[in-house]
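Structure file query-v8.tsv (TSV, C-alpha atoms) is printed below.
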chain	number	residue	atom	x	y	z
A	19	MET	CA	-13.94	13.84	-17.62
A	20	HIS	CA	-13.59	13.18	-13.92
A	21	ASP	CA	-12.38	16.48	-12.49
A	22	HIS	CA	-12.62	15.49	-8.84
A	23	LEU	CA	-10.29	12.57	-9.44
A	24	TYR	CA	-7.37	14.69	-10.42
A	25	ASP	CA	-6.65	16.49	-7.19
A	26	GLY	CA	-5.68	15.35	-3.73
A	27	ASP	CA	-2.99	15.39	-1.09
A	28	LEU	CA	-1.50	12.00	-1.73
A	29	LEU	CA	-1.55	9.65	-4.70
A	30	VAL	CA	-0.38	6.15	-3.90
A	31	ILE	CA	0.47	4.21	-7.04
A	32	LEU	CA	0.23	0.45	-6.53
A	33	ARG	CA	2.15	-1.45	-9.20
A	34	HIS	CA	2.42	-4.90	-7.67
A	35	GLY	CA	-0.11	-7.69	-7.30
A	36	PRO	CA	-1.04	-9.54	-4.10
A	37	HIS	CA	1.08	-12.19	-2.36
A	38	GLY	CA	4.10	-12.10	-4.68
A	39	SER	CA	5.83	-9.39	-2.67
A	40	SER	CA	5.20	-7.04	0.23
A	41	TRP	CA	4.92	-3.96	-1.97
A	42	LEU	CA	1.15	-3.96	-2.24
A	43	LYS	CA	0.58	-4.32	1.47
A	44	GLU	CA	3.19	-1.73	2.33
A	45	GLY	CA	1.73	0.72	-0.17
A	46	LEU	CA	-1.77	0.20	1.22
A	47	ASP	CA	-0.52	0.63	4.79
A	48	ALA	CA	1.01	3.98	3.87
A	49	ALA	CA	-2.25	5.04	2.21
A	50	LEU	CA	-4.35	4.03	5.21
A	51	VAL	CA	-2.11	5.85	7.66
A	52	ALA	CA	-2.22	8.99	5.53
A	53	ALA	CA	-6.01	8.80	5.41
A	54	ALA	CA	-6.14	8.25	9.17
A	55	PHE	CA	-4.09	11.44	9.50
A	56	GLY	CA	-6.74	13.32	7.56
A	57	ARG	CA	-5.12	13.47	4.14
A	58	HIS	CA	-7.13	13.16	0.96
A	59	VAL	CA	-5.72	9.96	-0.51
A	60	SER	CA	-6.21	8.51	-3.98
A	61	LEU	CA	-5.12	5.04	-5.04
A	62	LEU	CA	-4.01	4.26	-8.56
A	63	PHE	CA	-3.71	0.58	-9.45
A	64	MET	CA	-1.29	0.41	-12.34
A	65	GLY	CA	0.01	-2.48	-14.43
A	66	GLU	CA	0.21	-5.61	-12.29
A	67	GLY	CA	-1.40	-3.59	-9.52
A	68	VAL	CA	-4.82	-4.23	-11.04
A	69	MET	CA	-4.47	-7.82	-9.83
A	70	ALA	CA	-4.80	-6.46	-6.30
A	71	LEU	CA	-8.49	-6.03	-7.06
A	72	MET	CA	-9.28	-9.54	-8.32
A	73	ALA	CA	-12.40	-10.90	-6.70
A	74	GLY	CA	-12.16	-14.17	-4.81
A	75	GLN	CA	-8.66	-13.87	-3.36
A	76	GLN	CA	-7.63	-16.14	-0.52
A	77	ALA	CA	-4.99	-16.44	2.15
A	78	GLY	CA	-1.64	-17.80	1.04
A	79	PRO	CA	-0.70	-21.46	1.51
A	80	LEU	CA	1.36	-20.68	4.65
A	81	GLY	CA	-1.40	-18.54	6.05
A	82	GLN	CA	-0.17	-15.26	4.60
A	83	LYS	CA	-2.99	-12.81	5.06
A	84	GLY	CA	-2.87	-11.12	1.70
A	85	THR	CA	-4.43	-7.74	1.09
A	86	ALA	CA	-8.07	-8.35	0.22
A	87	ALA	CA	-9.23	-7.63	3.78
A	88	THR	CA	-7.27	-4.36	3.82
A	89	LEU	CA	-8.92	-3.28	0.60
A	90	ASP	CA	-12.33	-3.91	2.12
A	91	MET	CA	-11.40	-1.31	4.77
A	92	LEU	CA	-10.72	1.51	2.35
A	93	GLU	CA	-14.21	2.90	2.54
A	94	MET	CA	-14.03	3.02	6.33
A	95	TYR	CA	-10.90	5.14	6.03
A	96	ASP	CA	-12.60	7.47	3.55
A	97	ILE	CA	-10.38	6.42	0.69
A	98	GLU	CA	-12.90	6.66	-2.10
A	99	THR	CA	-10.85	7.60	-5.11
A	100	LEU	CA	-9.83	4.25	-6.55
A	101	LEU	CA	-8.35	4.54	-10.00
A	102	VAL	CA	-7.39	1.76	-12.34
A	103	ASP	CA	-5.16	2.23	-15.33
A	104	GLU	CA	-6.82	1.12	-18.55
A	105	GLN	CA	-3.67	-0.47	-19.89
A	106	GLY	CA	-3.32	-2.60	-16.78
A	107	LEU	CA	-6.84	-3.94	-17.24
A	108	SER	CA	-6.28	-4.83	-20.87
A	109	LEU	CA	-2.92	-6.40	-20.03
A	110	PHE	CA	-4.82	-8.95	-17.97
A	111	ASP	CA	-7.95	-8.84	-20.10
A	112	LEU	CA	-10.03	-7.73	-17.14
A	113	SER	CA	-13.10	-5.59	-17.00
A	114	CYS	CA	-14.11	-3.37	-14.11
A	115	ASP	CA	-16.98	-5.75	-13.19
A	116	GLU	CA	-14.53	-8.51	-12.33
A	117	LEU	CA	-12.90	-6.38	-9.66
A	118	MET	CA	-13.75	-6.59	-5.98
A	119	LEU	CA	-14.30	-2.85	-5.55
A	120	GLU	CA	-15.90	-0.05	-7.49
A	121	VAL	CA	-13.21	1.76	-9.41
A	122	THR	CA	-12.80	4.46	-12.00
A	123	CYS	CA	-10.94	3.60	-15.13
A	124	VAL	CA	-8.24	6.07	-16.15
A	125	SER	CA	-7.05	6.29	-19.73
A	126	SER	CA	-3.41	6.81	-20.63
A	127	ALA	CA	-4.22	10.38	-21.56
A	128	GLU	CA	-5.62	11.10	-18.11
A	129	LEU	CA	-2.83	9.39	-16.15
A	130	ALA	CA	-0.39	12.28	-16.34
A	131	ARG	CA	-3.07	14.67	-15.18
A	132	VAL	CA	-3.76	12.48	-12.13
A	133	LEU	CA	-0.09	12.50	-11.16
A	134	SER	CA	0.30	16.24	-11.53
A	135	GLY	CA	-2.83	16.95	-9.55
A	136	HIS	CA	-1.65	15.42	-6.29
A	137	ARG	CA	0.65	17.19	-3.85
A	138	LEU	CA	2.65	14.04	-3.17
A	139	VAL	CA	3.03	10.89	-5.25
A	140	LEU	CA	4.40	7.66	-3.77
A	141	THR	CA	4.95	4.54	-5.85
A	142	PHE	CA	4.91	1.01	-4.46
B	26	MET	CA	6.38	20.20	-13.80
B	27	LEU	CA	7.42	16.84	-12.39
B	28	LEU	CA	10.74	15.00	-12.37
B	29	HIS	CA	10.47	11.25	-12.94
B	30	VAL	CA	13.35	9.01	-11.93
B	31	VAL	CA	13.82	5.58	-13.50
B	32	ASN	CA	16.44	3.16	-12.20
B	33	ARG	CA	15.75	0.14	-14.42
B	34	SER	CA	16.92	-0.60	-17.91
B	35	PRO	CA	14.39	-0.72	-20.75
B	36	ALA	CA	16.19	-3.87	-21.86
B	37	THR	CA	15.16	-5.79	-18.75
B	38	SER	CA	12.09	-4.12	-17.31
B	39	ARG	CA	8.86	-2.47	-18.42
B	40	THR	CA	8.96	0.01	-15.57
B	41	TYR	CA	10.04	2.76	-17.95
B	42	GLN	CA	6.73	2.42	-19.81
B	43	GLN	CA	4.82	3.24	-16.67
B	44	ALA	CA	6.99	6.28	-16.08
B	45	LEU	CA	6.38	7.48	-19.63
B	46	ALA	CA	2.63	6.90	-19.24
B	47	GLY	CA	2.63	9.13	-16.17
B	48	MET	CA	4.56	11.98	-17.79
B	49	SER	CA	3.03	15.28	-18.81
B	50	ALA	CA	4.32	17.27	-21.80
B	51	ASP	CA	6.77	19.33	-19.76
B	52	ASP	CA	7.88	16.68	-17.25
B	53	ARG	CA	11.50	15.52	-17.15
B	54	LEU	CA	12.97	12.04	-16.91
B	55	LEU	CA	16.22	11.17	-15.14
B	56	LEU	CA	17.87	7.79	-15.65
B	57	ILE	CA	19.93	6.50	-12.72
B	58	GLU	CA	21.54	3.19	-11.70
B	59	ASP	CA	20.80	0.46	-14.26
B	60	GLY	CA	18.37	2.88	-15.88
B	61	VAL	CA	21.32	4.65	-17.52
B	62	GLN	CA	21.46	1.78	-20.01
B	63	GLY	CA	18.50	3.53	-21.59
B	64	ALA	CA	20.84	6.34	-22.58
B	65	LEU	CA	22.66	4.10	-25.04
B	66	PRO	CA	21.96	4.83	-28.72
B	67	GLN	CA	20.42	1.39	-29.28
B	68	LEU	CA	18.00	1.76	-26.35
B	69	VAL	CA	17.25	5.49	-26.28
B	70	ARG	CA	14.51	4.98	-28.87
B	71	HIS	CA	12.31	3.85	-25.98
B	72	TYR	CA	12.38	7.46	-24.84
B	73	ALA	CA	11.50	9.04	-28.16
B	74	GLY	CA	9.59	12.26	-27.74
B	75	LEU	CA	11.48	13.46	-24.67
B	76	GLU	CA	13.77	15.88	-26.53
B	77	GLY	CA	15.47	18.19	-24.08
B	78	ARG	CA	13.78	16.47	-21.17
B	79	LEU	CA	15.90	13.31	-20.80
B	80	PHE	CA	18.80	13.15	-18.36
B	81	ALA	CA	21.25	10.49	-17.15
B	82	LEU	CA	23.39	10.39	-14.04
B	83	LYS	CA	27.07	10.67	-14.88
B	84	GLU	CA	28.50	8.61	-12.06
B	85	ASP	CA	26.24	5.65	-12.93
B	86	LEU	CA	27.31	5.86	-16.59
B	87	ALA	CA	30.96	6.11	-15.57
B	88	SER	CA	30.90	3.17	-13.17
B	89	ARG	CA	29.37	1.03	-15.92
B	90	GLY	CA	31.92	2.09	-18.55
B	91	LEU	CA	29.21	3.86	-20.56
B	92	LEU	CA	30.28	7.47	-20.26
B	93	GLY	CA	31.49	7.89	-23.82
B	94	ARG	CA	28.64	5.87	-25.28
B	95	CYS	CA	25.69	7.99	-24.29
B	96	ASP	CA	23.34	9.13	-27.03
B	97	ALA	CA	23.65	12.83	-27.91
B	98	SER	CA	20.01	13.48	-27.03
B	99	VAL	CA	20.63	12.63	-23.36
B	100	GLN	CA	21.87	15.31	-21.00
B	101	VAL	CA	24.50	13.90	-18.68
B	102	ILE	CA	24.46	15.45	-15.23
B	103	ASP	CA	26.30	14.83	-11.98
B	104	VAL	CA	24.70	14.28	-8.57
B	105	ASP	CA	24.72	18.03	-7.94
B	106	GLY	CA	22.70	18.38	-11.14
B	107	PHE	CA	20.35	15.68	-9.83
B	108	VAL	CA	19.61	17.80	-6.78
B	109	GLU	CA	19.11	20.81	-9.02
B	110	LEU	CA	16.55	18.90	-11.09
B	111	THR	CA	14.61	18.09	-7.93
B	112	GLU	CA	14.70	21.78	-6.95
B	113	GLU	CA	13.30	22.84	-10.29
B	114	ALA	CA	10.51	20.25	-10.39
B	115	ASP	CA	7.46	20.65	-8.19
B	116	ARG	CA	7.63	16.99	-7.21
B	117	THR	CA	9.76	13.97	-7.93
B	118	VAL	CA	8.20	10.58	-8.73
B	119	SER	CA	10.38	7.47	-8.62
B	120	TRP	CA	9.76	4.36	-10.72
B	121	TYR	CA	11.76	1.27	-9.73
C	22	MET	CA	14.61	23.85	0.91
C	23	ARG	CA	13.61	21.14	3.33
C	24	TYR	CA	14.11	17.66	1.93
C	25	ALA	CA	13.12	14.20	3.06
C	26	ILE	CA	14.25	10.92	1.54
C	27	LEU	CA	12.24	7.70	1.44
C	28	LEU	CA	14.57	4.72	1.07
C	29	MET	CA	13.23	1.27	0.30
C	30	GLY	CA	16.27	-0.72	-0.76
C	31	ALA	CA	18.68	-2.69	1.41
C	32	PRO	CA	22.39	-1.89	1.44
C	33	TYR	CA	24.55	-4.05	-0.83
C	34	SER	CA	21.67	-5.99	-2.47
C	35	ASP	CA	20.91	-3.15	-4.85
C	36	GLN	CA	21.97	0.38	-5.49
C	37	ALA	CA	19.10	2.26	-3.87
C	38	SER	CA	20.84	3.01	-0.59
C	39	HIS	CA	24.03	4.06	-2.35
C	40	SER	CA	22.12	6.44	-4.62
C	41	ALA	CA	20.17	7.79	-1.67
C	42	LEU	CA	23.33	8.46	0.34
C	43	ARG	CA	24.99	10.20	-2.62
C	44	PHE	CA	21.88	12.32	-3.13
C	45	ALA	CA	21.65	13.11	0.58
C	46	ARG	CA	25.24	14.35	0.71
C	47	ALA	CA	24.83	16.38	-2.46
C	48	LEU	CA	21.70	18.14	-1.30
C	49	VAL	CA	23.33	19.07	1.98
C	50	ASP	CA	26.38	20.36	0.09
C	51	ARG	CA	24.06	22.55	-1.94
C	52	GLY	CA	22.86	24.16	1.24
C	53	HIS	CA	19.53	22.38	1.67
C	54	HIS	CA	18.33	20.92	4.92
C	55	LEU	CA	17.78	17.17	4.99
C	56	GLU	CA	15.08	16.82	7.60
C	57	ALA	CA	14.94	13.02	7.67
C	58	VAL	CA	15.51	9.78	5.89
C	59	PHE	CA	12.58	7.37	6.26
C	60	PHE	CA	13.43	3.70	5.83
C	61	TYR	CA	10.64	1.38	4.61
C	62	HIS	CA	10.37	-2.03	2.91
C	63	ASP	CA	13.90	-3.51	2.71
C	64	GLY	CA	15.33	-0.07	3.41
C	65	VAL	CA	15.08	-0.92	7.10
C	66	TYR	CA	18.23	-3.03	6.67
C	67	ASN	CA	20.21	0.22	6.47
C	68	ALA	CA	19.75	0.34	10.25
C	69	ALA	CA	21.39	-3.03	10.88
C	70	ARG	CA	23.69	-2.70	13.88
C	71	LEU	CA	25.46	-5.93	13.06
C	72	ALA	CA	26.23	-5.20	9.41
C	73	ALA	CA	29.89	-6.09	8.81
C	74	PRO	CA	30.86	-5.41	5.21
C	75	PRO	CA	34.52	-5.88	4.22
C	76	GLN	CA	36.85	-2.97	5.05
C	77	ASP	CA	37.26	-2.01	1.41
C	78	GLU	CA	33.51	-1.69	0.76
C	79	PRO	CA	31.16	1.14	1.70
C	80	HIS	CA	29.66	0.84	5.17
C	81	LEU	CA	26.17	2.22	4.59
C	82	VAL	CA	24.96	1.87	8.17
C	83	ASP	CA	27.90	3.90	9.50
C	84	ALA	CA	27.59	6.39	6.63
C	85	TRP	CA	23.96	7.13	7.51
C	86	ALA	CA	24.89	7.47	11.19
C	87	SER	CA	27.70	9.92	10.33
C	88	LEU	CA	25.40	11.95	8.11
C	89	SER	CA	22.88	12.07	10.91
C	90	PHE	CA	25.43	13.34	13.46
C	91	GLU	CA	27.06	15.84	11.11
C	92	HIS	CA	23.89	17.39	9.75
C	93	GLN	CA	21.19	16.63	12.32
C	94	VAL	CA	19.32	14.30	10.00
C	95	SER	CA	16.64	12.17	11.63
C	96	LEU	CA	16.88	8.49	10.67
C	97	GLN	CA	13.41	7.01	10.94
C	98	VAL	CA	12.72	3.33	10.43
C	99	CYS	CA	9.19	2.00	9.95
C	100	ILE	CA	8.66	-0.20	13.00
C	101	ALA	CA	6.29	-2.67	11.33
C	102	ALA	CA	8.66	-3.24	8.42
C	103	ALA	CA	11.60	-3.47	10.80
C	104	LEU	CA	10.12	-6.02	13.19
C	105	ARG	CA	9.13	-8.36	10.36
C	106	ARG	CA	12.71	-8.27	9.08
C	107	GLY	CA	14.42	-8.76	12.43
C	108	LEU	CA	15.45	-5.18	13.13
C	109	LEU	CA	14.71	-4.58	16.79
C	110	ASP	CA	15.82	-1.85	19.18
C	111	GLU	CA	16.16	-2.31	22.96
C	112	ARG	CA	12.52	-1.67	23.65
C	113	GLU	CA	11.20	-4.01	21.01
C	114	ALA	CA	13.74	-6.71	21.88
C	115	ALA	CA	12.53	-6.61	25.49
C	116	ARG	CA	8.90	-6.63	24.38
C	117	HIS	CA	9.45	-9.70	22.23
C	118	GLY	CA	11.71	-11.52	24.64
C	119	LYS	CA	14.71	-11.39	22.33
C	120	GLU	CA	18.33	-11.23	23.48
C	121	GLY	CA	20.37	-8.46	21.94
C	122	THR	CA	19.35	-5.62	19.67
C	123	SER	CA	19.81	-5.11	15.95
C	124	VAL	CA	19.11	-1.44	15.32
C	125	GLN	CA	22.09	0.91	15.21
C	126	PRO	CA	21.67	4.19	17.07
C	127	PRO	CA	20.79	6.88	16.07
C	128	PHE	CA	18.26	5.07	13.83
C	129	GLU	CA	14.83	5.19	15.49
C	130	LEU	CA	11.87	2.90	15.04
C	131	THR	CA	8.78	4.99	14.29
C	132	GLY	CA	5.38	4.70	12.68
C	133	LEU	CA	4.29	5.35	9.11
C	134	GLY	CA	2.62	8.49	10.37
C	135	GLN	CA	6.07	10.07	10.43
C	136	LEU	CA	6.40	9.45	6.70
C	137	VAL	CA	3.06	11.12	6.08
C	138	ASP	CA	4.15	14.01	8.26
C	139	LEU	CA	7.44	14.39	6.37
C	140	GLY	CA	5.60	14.38	3.08
C	141	THR	CA	3.46	17.25	4.28
C	142	ARG	CA	6.13	19.34	6.03
C	143	CYS	CA	8.99	19.06	3.58
C	144	ASP	CA	9.35	20.89	0.29
C	145	ARG	CA	10.70	17.83	-1.47
C	146	LEU	CA	10.45	14.10	-0.81
C	147	VAL	CA	12.56	11.87	-3.03
C	148	THR	CA	12.14	8.09	-3.12
C	149	PHE	CA	14.89	5.57	-3.80
C	150	GLY	CA	13.64	2.05	-4.47
C	151	PRO	CA	15.34	-1.25	-5.35
What do you get writing this file as structure tokens?
Amino acid sequence: MHDHLYDGDLLVILRHGPHGSSWLKEGLDAALVAAAFGRHVSLLFMGEGVMALMAGQQAGPLGQKGTAATLDMLEMYDIETLLVDEQGLSLFDLSCDELMLEVTCVSSAELARVLSGHRLVLTF
Amino acid sequence: MLLHVVNRSPATSRTYQQALAGMSADDRLLLIEDGVQGALPQLVRHYAGLEGRLFALKEDLASRGLLGRCDASVQVIDVDGFVELTEEADRTVSWY
Amino acid sequence: MRYAILLMGAPYSDQASHSALRFARALVDRGHHLEAVFFYHDGVYNAARLAAPPQDEPHLVDAWASLSFEHQVSLQVCIAAALRRGLLDEREAARHGKEGTSVQPPFELTGLGQLVDLGTRCDRLVTFGP
């Protein structure tokens, strides 16, 4: 069990992959700002959101920046609780080693506990 | 106890599955907008296990001509009831 | 209780802003205080000064402005999301060398920090997405 993962000020649930829409970037921006303001922020990559962590991402064909660089900054902002939903990983047949950052896998059983442990939950 | 709000139909989106995955045993689920389609008898099976904890917004059912077709297991509430649900829950989480 | 609303859908394109407005009015009618509505993602379009829906359709921009005046609700629009989508106030229009403005007063362009602050200060924050 990962007790320290369950509690925090803000849980940002990221449910969209990179490039296809602005949701991922906008969710990450909100998380970074909250962390900059001193909140304890956890990220939960859920469903398609696990694609945000694919290694080897690039800029878009029109020069769209994407979100890989932002994710590299998480540590600098003290966002250390990076959770990945197990179902999302299996949906894309991914393992944690293929991801660009170190994450903690959360089972379906633990998901609800993560949500209830944070003072505020925002979904993107 | 959390209130989860889903605005998409289980017939067209898998968003509801994520909401269900995030729900604890005493959490409640409110269907609004196109999500009220989930209150229909042929779609409410997607929400099995939420006895007494599943709600649908009346005005969204009414505007879609679904008011009389709601499954008996779904509690139909008006917008005032929506606010009340958010008062009673510690937090509200929206899935869209 | 003190409420805040996070709105991320544009008027007309989907129902989010309609649901948010209905909820906002209902919570005020129940005696709660709506501290602010924060507009993010496509929700920034709710601040569009030049929105001109037909007379027989709801005018969301005006409705938010009325709610703000009647109940002292702060209408806060994420500046980064707004600029990308062409919603500029006087200051930003001048800064970017644009003629005219596209943000309806009393909507204000602010930073995401305000959203974080609302989340901390208010008893309830309810999100309406597309």
Q. Within 9 Å of (26.5, -4.7, -0.8), only C-alpha atoms: residues as an MDAnalysis selection string?
A. chainID C and resid 31:36 74 78:81
What would the file look like if the residues just selected were written as a compact mmCIF listing (two decimals), in the frame of the given file with C-alpha atoms?
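Output file again03.txt follows:
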# COMPACT_ATOMS: atom_id res chain seq x y z
CA ALA C 31 18.68 -2.69 1.41
CA PRO C 32 22.39 -1.89 1.44
CA TYR C 33 24.55 -4.05 -0.83
CA SER C 34 21.67 -5.99 -2.47
CA ASP C 35 20.91 -3.15 -4.85
CA GLN C 36 21.97 0.38 -5.49
CA PRO C 74 30.86 -5.41 5.21
CA GLU C 78 33.51 -1.69 0.76
CA PRO C 79 31.16 1.14 1.70
CA HIS C 80 29.66 0.84 5.17
CA LEU C 81 26.17 2.22 4.59
Q.
Would you pick out the contacts of region 111-125 of chain C at 10 Å or less, using only C-alpha atoms, so that residues sharing its chain but fewer than 4 positions from it are not included, and give the list as a list in words?
A. Val65, Tyr66, Asn67, Ala68, Ala69, Arg70, Leu71, Ala72, Val82, Asp83, Ala86, Val98, Ile100, Ala103, Leu104, Gly107, Glu129 and Leu130 of chain C
Take the residues from that selection and put them in a file with C-alpha atoms, as a PDB file, in the frame of the given file.
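After the write, out_21.pdb holds the following:
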ATOM      1  CA  VAL C  65      15.080  -0.920   7.100  1.00  0.00           C
ATOM      2  CA  TYR C  66      18.230  -3.030   6.670  1.00  0.00           C
ATOM      3  CA  ASN C  67      20.210   0.220   6.470  1.00  0.00           C
ATOM      4  CA  ALA C  68      19.750   0.340  10.250  1.00  0.00           C
ATOM      5  CA  ALA C  69      21.390  -3.030  10.880  1.00  0.00           C
ATOM      6  CA  ARG C  70      23.690  -2.700  13.880  1.00  0.00           C
ATOM      7  CA  LEU C  71      25.460  -5.930  13.060  1.00  0.00           C
ATOM      8  CA  ALA C  72      26.230  -5.200   9.410  1.00  0.00           C
ATOM      9  CA  VAL C  82      24.960   1.870   8.170  1.00  0.00           C
ATOM     10  CA  ASP C  83      27.900   3.900   9.500  1.00  0.00           C
ATOM     11  CA  ALA C  86      24.890   7.470  11.190  1.00  0.00           C
ATOM     12  CA  VAL C  98      12.720   3.330  10.430  1.00  0.00           C
ATOM     13  CA  ILE C 100       8.660  -0.200  13.000  1.00  0.00           C
ATOM     14  CA  ALA C 103      11.600  -3.470  10.800  1.00  0.00           C
ATOM     15  CA  LEU C 104      10.120  -6.020  13.190  1.00  0.00           C
ATOM     16  CA  GLY C 107      14.420  -8.760  12.430  1.00  0.00           C
ATOM     17  CA  GLU C 129      14.830   5.190  15.490  1.00  0.00           C
ATOM     18  CA  LEU C 130      11.870   2.900  15.040  1.00  0.00           C
TER      19      LEU C 130
END
When the cut-off is 12 Å and we count all atoms listed in the file, which residues of chain B are near chain C, given as a short mmCIF file (atom, residue, chain, number, x, y, z; two decimals) with C-alpha atoms, keeping the file's coordinate frame?
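Heads up, here's the output in iface00.cif:
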data_model
loop_
_atom_site.label_atom_id
_atom_site.label_comp_id
_atom_site.auth_asym_id
_atom_site.auth_seq_id
_atom_site.Cartn_x
_atom_site.Cartn_y
_atom_site.Cartn_z
CA LEU B 27 7.42 16.84 -12.39
CA LEU B 28 10.74 15.00 -12.37
CA HIS B 29 10.47 11.25 -12.94
CA VAL B 30 13.35 9.01 -11.93
CA VAL B 31 13.82 5.58 -13.50
CA ASN B 32 16.44 3.16 -12.20
CA ARG B 33 15.75 0.14 -14.42
CA LEU B 56 17.87 7.79 -15.65
CA ILE B 57 19.93 6.50 -12.72
CA GLU B 58 21.54 3.19 -11.70
CA ASP B 59 20.80 0.46 -14.26
CA GLY B 60 18.37 2.88 -15.88
CA LEU B 82 23.39 10.39 -14.04
CA GLU B 84 28.50 8.61 -12.06
CA ASP B 85 26.24 5.65 -12.93
CA ASP B 103 26.30 14.83 -11.98
CA VAL B 104 24.70 14.28 -8.57
CA ASP B 105 24.72 18.03 -7.94
CA GLY B 106 22.70 18.38 -11.14
CA PHE B 107 20.35 15.68 -9.83
CA VAL B 108 19.61 17.80 -6.78
CA GLU B 109 19.11 20.81 -9.02
CA LEU B 110 16.55 18.90 -11.09
CA THR B 111 14.61 18.09 -7.93
CA GLU B 112 14.70 21.78 -6.95
CA GLU B 113 13.30 22.84 -10.29
CA ALA B 114 10.51 20.25 -10.39
CA ASP B 115 7.46 20.65 -8.19
CA ARG B 116 7.63 16.99 -7.21
CA THR B 117 9.76 13.97 -7.93
CA VAL B 118 8.20 10.58 -8.73
CA SER B 119 10.38 7.47 -8.62
CA TRP B 120 9.76 4.36 -10.72
CA TYR B 121 11.76 1.27 -9.73
#
Q) In Å, with one decimal, what is the gap from CA of Tyr24 (chain A) to CA of Ala81 (chain B)? A) 29.7 Å
Compute the chain C side of the contact with chain A at 8 Å, counting only C-alpha atoms, and hand it back as a PDB file with C-alpha atoms, keeping the file's coordinate frame.
ATOM      1  CA  HIS C  62      10.370  -2.030   2.910  1.00  0.00           C
ATOM      2  CA  LEU C 133       4.290   5.350   9.110  1.00  0.00           C
ATOM      3  CA  GLY C 134       2.620   8.490  10.370  1.00  0.00           C
ATOM      4  CA  VAL C 137       3.060  11.120   6.080  1.00  0.00           C
ATOM      5  CA  GLY C 140       5.600  14.380   3.080  1.00  0.00           C
ATOM      6  CA  THR C 148      12.140   8.090  -3.120  1.00  0.00           C
TER       7      THR C 148
END
(Q) Counting all atoms listed in the file, a student should be able to say which residues of chain A come within 12 Å of chain B; what is the right answer, written as an MDAnalysis selection string? (A) chainID A and resid 28:34 41 62:67 103:106 124:142
**Q.** Test item: residues at most 10 Å from Gln93 (chain C), all atoms listed in the file, excluding those fewer than 2 positions along its chain, as a count of residues only
**A.** 12
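Atom pair CA of Ala87 (chain B) / CA of Tyr41 (chain B): separated by 21.3 Å.
Neighbouring residues of Glu116 (chain A) at 10 Å or closer, counting all atoms listed in the file and skipping chain neighbours under 5 positions away, are A:Leu71, A:Met72, A:Ala73, A:Gly74.
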Q.
Can you measure CA of Met29 (chain C) to CA of Tyr61 (chain C) for me? One decimal in Å is fine.
A. 5.0 Å
As lines of an AutoDock Vina configuration file, what would the box around region 88-100 of chain B look like: edges along x, y and z, 6 Å added on every side, centre and edge lengths in Å to one decimal?
center_x = 26.0
center_y = 8.2
center_z = -20.5
size_x = 23.9
size_y = 26.3
size_z = 26.7
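Taking only C-alpha atoms into account, Leu27 (chain C) lies nearest to C:Leu136 out of the set C:Val94, C:Cys143, C:Leu42, C:Leu136.
In terms of minimum interatomic distance to Ala73 (chain B), B:Leu54 ranks closest within B:Ile102, B:Arg94, B:Ser38, B:Leu54, counting only C-alpha atoms.
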Q) So which residues touch Asp96 (chain B) within 10 Å, counting all atoms listed in the file, skipping near sequence neighbours fewer than 5 positions away, as a list in words? A) Gly63, Ala64, Leu65, Pro66, Gln67, Leu68, Val69, Arg70 and Val101 of chain B
Residues of the last selection are to be written out with C-alpha atoms, as a compact mmCIF listing (two decimals), in the coordinates of the input.
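As written to disk, out_26.txt reads:
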# COMPACT_ATOMS: atom_id res chain seq x y z
CA GLY B 63 18.50 3.53 -21.59
CA ALA B 64 20.84 6.34 -22.58
CA LEU B 65 22.66 4.10 -25.04
CA PRO B 66 21.96 4.83 -28.72
CA GLN B 67 20.42 1.39 -29.28
CA LEU B 68 18.00 1.76 -26.35
CA VAL B 69 17.25 5.49 -26.28
CA ARG B 70 14.51 4.98 -28.87
CA VAL B 101 24.50 13.90 -18.68
